[in-house]
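Visitor: Quick one: this structure, given as structure tokens, is what I'll be asking you about.
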Amino acid sequence: MILLSKIEIIDIVENIKQNIEMGSMKQADRLLKKLGCGIVDPYVSDYIYYSNMTAEEIADKVLSYKPIYL
């Protein structure tokens, strides 16, 4: 279940990236936890920290994630 809209995801991702650039890792971690509670894609932190994707590309990727239910 996705609780956050695309606009909310973009906003949070942009804030996370800004906090990382400013060296405020505690605030970035708080925002990442908030993001993780509102989406189902478990790889969102990889997209933020280890890719060159924009916030909008990350939001699209997260919203297109389909979990496998067993």
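Just remember, in the structure tokens the first chain shown is A, the second B, etc., residues are 1-based per chain, and ligands are 1-based in the order shown.
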At a cut-off of 12 Å, using only C-alpha atoms, what residues contact Gln18 in chain A? Leave out same-chain residues fewer than 3 positions from it and give the result as a PDB file with N, CA and C atoms, in the first residue's frame.
Guide:
ATOM      1  N   ASP A  11       9.300  15.654  -2.875  1.00  0.00           N
ATOM      2  CA  ASP A  11       9.676  16.627  -1.838  1.00  0.00           C
ATOM      3  C   ASP A  11      10.590  16.004  -0.788  1.00  0.00           C
ATOM      4  N   ILE A  12      10.244  14.831  -0.326  1.00  0.00           N
ATOM      5  CA  ILE A  12      11.057  14.163   0.702  1.00  0.00           C
ATOM      6  C   ILE A  12      12.432  13.794   0.143  1.00  0.00           C
ATOM      7  N   VAL A  13      12.470  13.252  -1.076  1.00  0.00           N
ATOM      8  CA  VAL A  13      13.746  12.869  -1.685  1.00  0.00           C
ATOM      9  C   VAL A  13      14.642  14.093  -1.870  1.00  0.00           C
ATOM     10  N   GLU A  14      14.078  15.197  -2.335  1.00  0.00           N
ATOM     11  CA  GLU A  14      14.871  16.421  -2.491  1.00  0.00           C
ATOM     12  C   GLU A  14      15.404  16.907  -1.148  1.00  0.00           C
ATOM     13  N   ASN A  15      14.581  16.824  -0.109  1.00  0.00           N
ATOM     14  CA  ASN A  15      15.029  17.222   1.231  1.00  0.00           C
ATOM     15  C   ASN A  15      16.135  16.310   1.746  1.00  0.00           C
ATOM     16  N   GLU A  21      23.917  16.743   1.409  1.00  0.00           N
ATOM     17  CA  GLU A  21      24.906  17.720   0.937  1.00  0.00           C
ATOM     18  C   GLU A  21      25.372  18.642   2.057  1.00  0.00           C
ATOM     19  N   MET A  22      24.462  18.990   2.975  1.00  0.00           N
ATOM     20  CA  MET A  22      24.803  19.882   4.082  1.00  0.00           C
ATOM     21  C   MET A  22      25.426  19.132   5.257  1.00  0.00           C
ATOM     22  N   GLY A  23      25.481  17.806   5.170  1.00  0.00           N
ATOM     23  CA  GLY A  23      26.093  17.018   6.225  1.00  0.00           C
ATOM     24  C   GLY A  23      25.185  16.712   7.390  1.00  0.00           C
ATOM     25  N   SER A  24      23.899  16.938   7.239  1.00  0.00           N
ATOM     26  CA  SER A  24      22.937  16.673   8.307  1.00  0.00           C
ATOM     27  C   SER A  24      22.358  15.268   8.136  1.00  0.00           C
ATOM     28  N   MET A  25      23.156  14.277   8.507  1.00  0.00           N
ATOM     29  CA  MET A  25      22.753  12.885   8.303  1.00  0.00           C
ATOM     30  C   MET A  25      21.604  12.468   9.209  1.00  0.00           C
ATOM     31  N   GLN A  27      18.995  14.270  10.139  1.00  0.00           N
ATOM     32  CA  GLN A  27      17.756  14.718   9.511  1.00  0.00           C
ATOM     33  C   GLN A  27      17.471  13.894   8.256  1.00  0.00           C
ATOM     34  N   ALA A  28      18.504  13.565   7.490  1.00  0.00           N
ATOM     35  CA  ALA A  28      18.334  12.732   6.296  1.00  0.00           C
ATOM     36  C   ALA A  28      17.800  11.359   6.685  1.00  0.00           C
ATOM     37  N   LEU A  31      14.088  11.613   7.573  1.00  0.00           N
ATOM     38  CA  LEU A  31      13.281  11.737   6.359  1.00  0.00           C
ATOM     39  C   LEU A  31      13.210  10.413   5.604  1.00  0.00           C
ATOM     40  N   ILE A  48      18.506   6.759  -3.865  1.00  0.00           N
ATOM     41  CA  ILE A  48      18.911   8.085  -3.382  1.00  0.00           C
ATOM     42  C   ILE A  48      20.429   8.184  -3.249  1.00  0.00           C
ATOM     43  N   TYR A  49      21.036   7.182  -2.605  1.00  0.00           N
ATOM     44  CA  TYR A  49      22.465   7.260  -2.277  1.00  0.00           C
ATOM     45  C   TYR A  49      23.397   6.778  -3.386  1.00  0.00           C
ATOM     46  N   ALA A  55      14.972  13.352  -8.304  1.00  0.00           N
ATOM     47  CA  ALA A  55      13.898  13.062  -7.351  1.00  0.00           C
ATOM     48  C   ALA A  55      12.651  12.575  -8.076  1.00  0.00           C
TER      49      ALA A  55
END
Visitor: Write out as a PyMOL selection string the residues lying within 10 Å of Pro42 in chain A, counting only C-alpha atoms and excluding same-chain residues fewer than 6 positions away.
Guide: chain A and resi 36+62+65+67
Visitor: Looking only at the backbone, which of the residues in chain A does DSSP tag as alpha helix (DSSP H), as a VMD selection string?
Guide: chain A and resid 6 to 22 25 to 37 44 to 50 55 to 64
Visitor: Give me the residues within 12 Å of Glu57 in chain A as a list in words, counting only C-alpha atoms and dropping any in the same chain fewer than 5 places off.
Guide: Lys6, Ile7, Ile9, Ile10, Val13, Glu14, Val44, Tyr47, Ile48, Ser51, Asn52, Val62, Leu63 and Ser64 of chain A
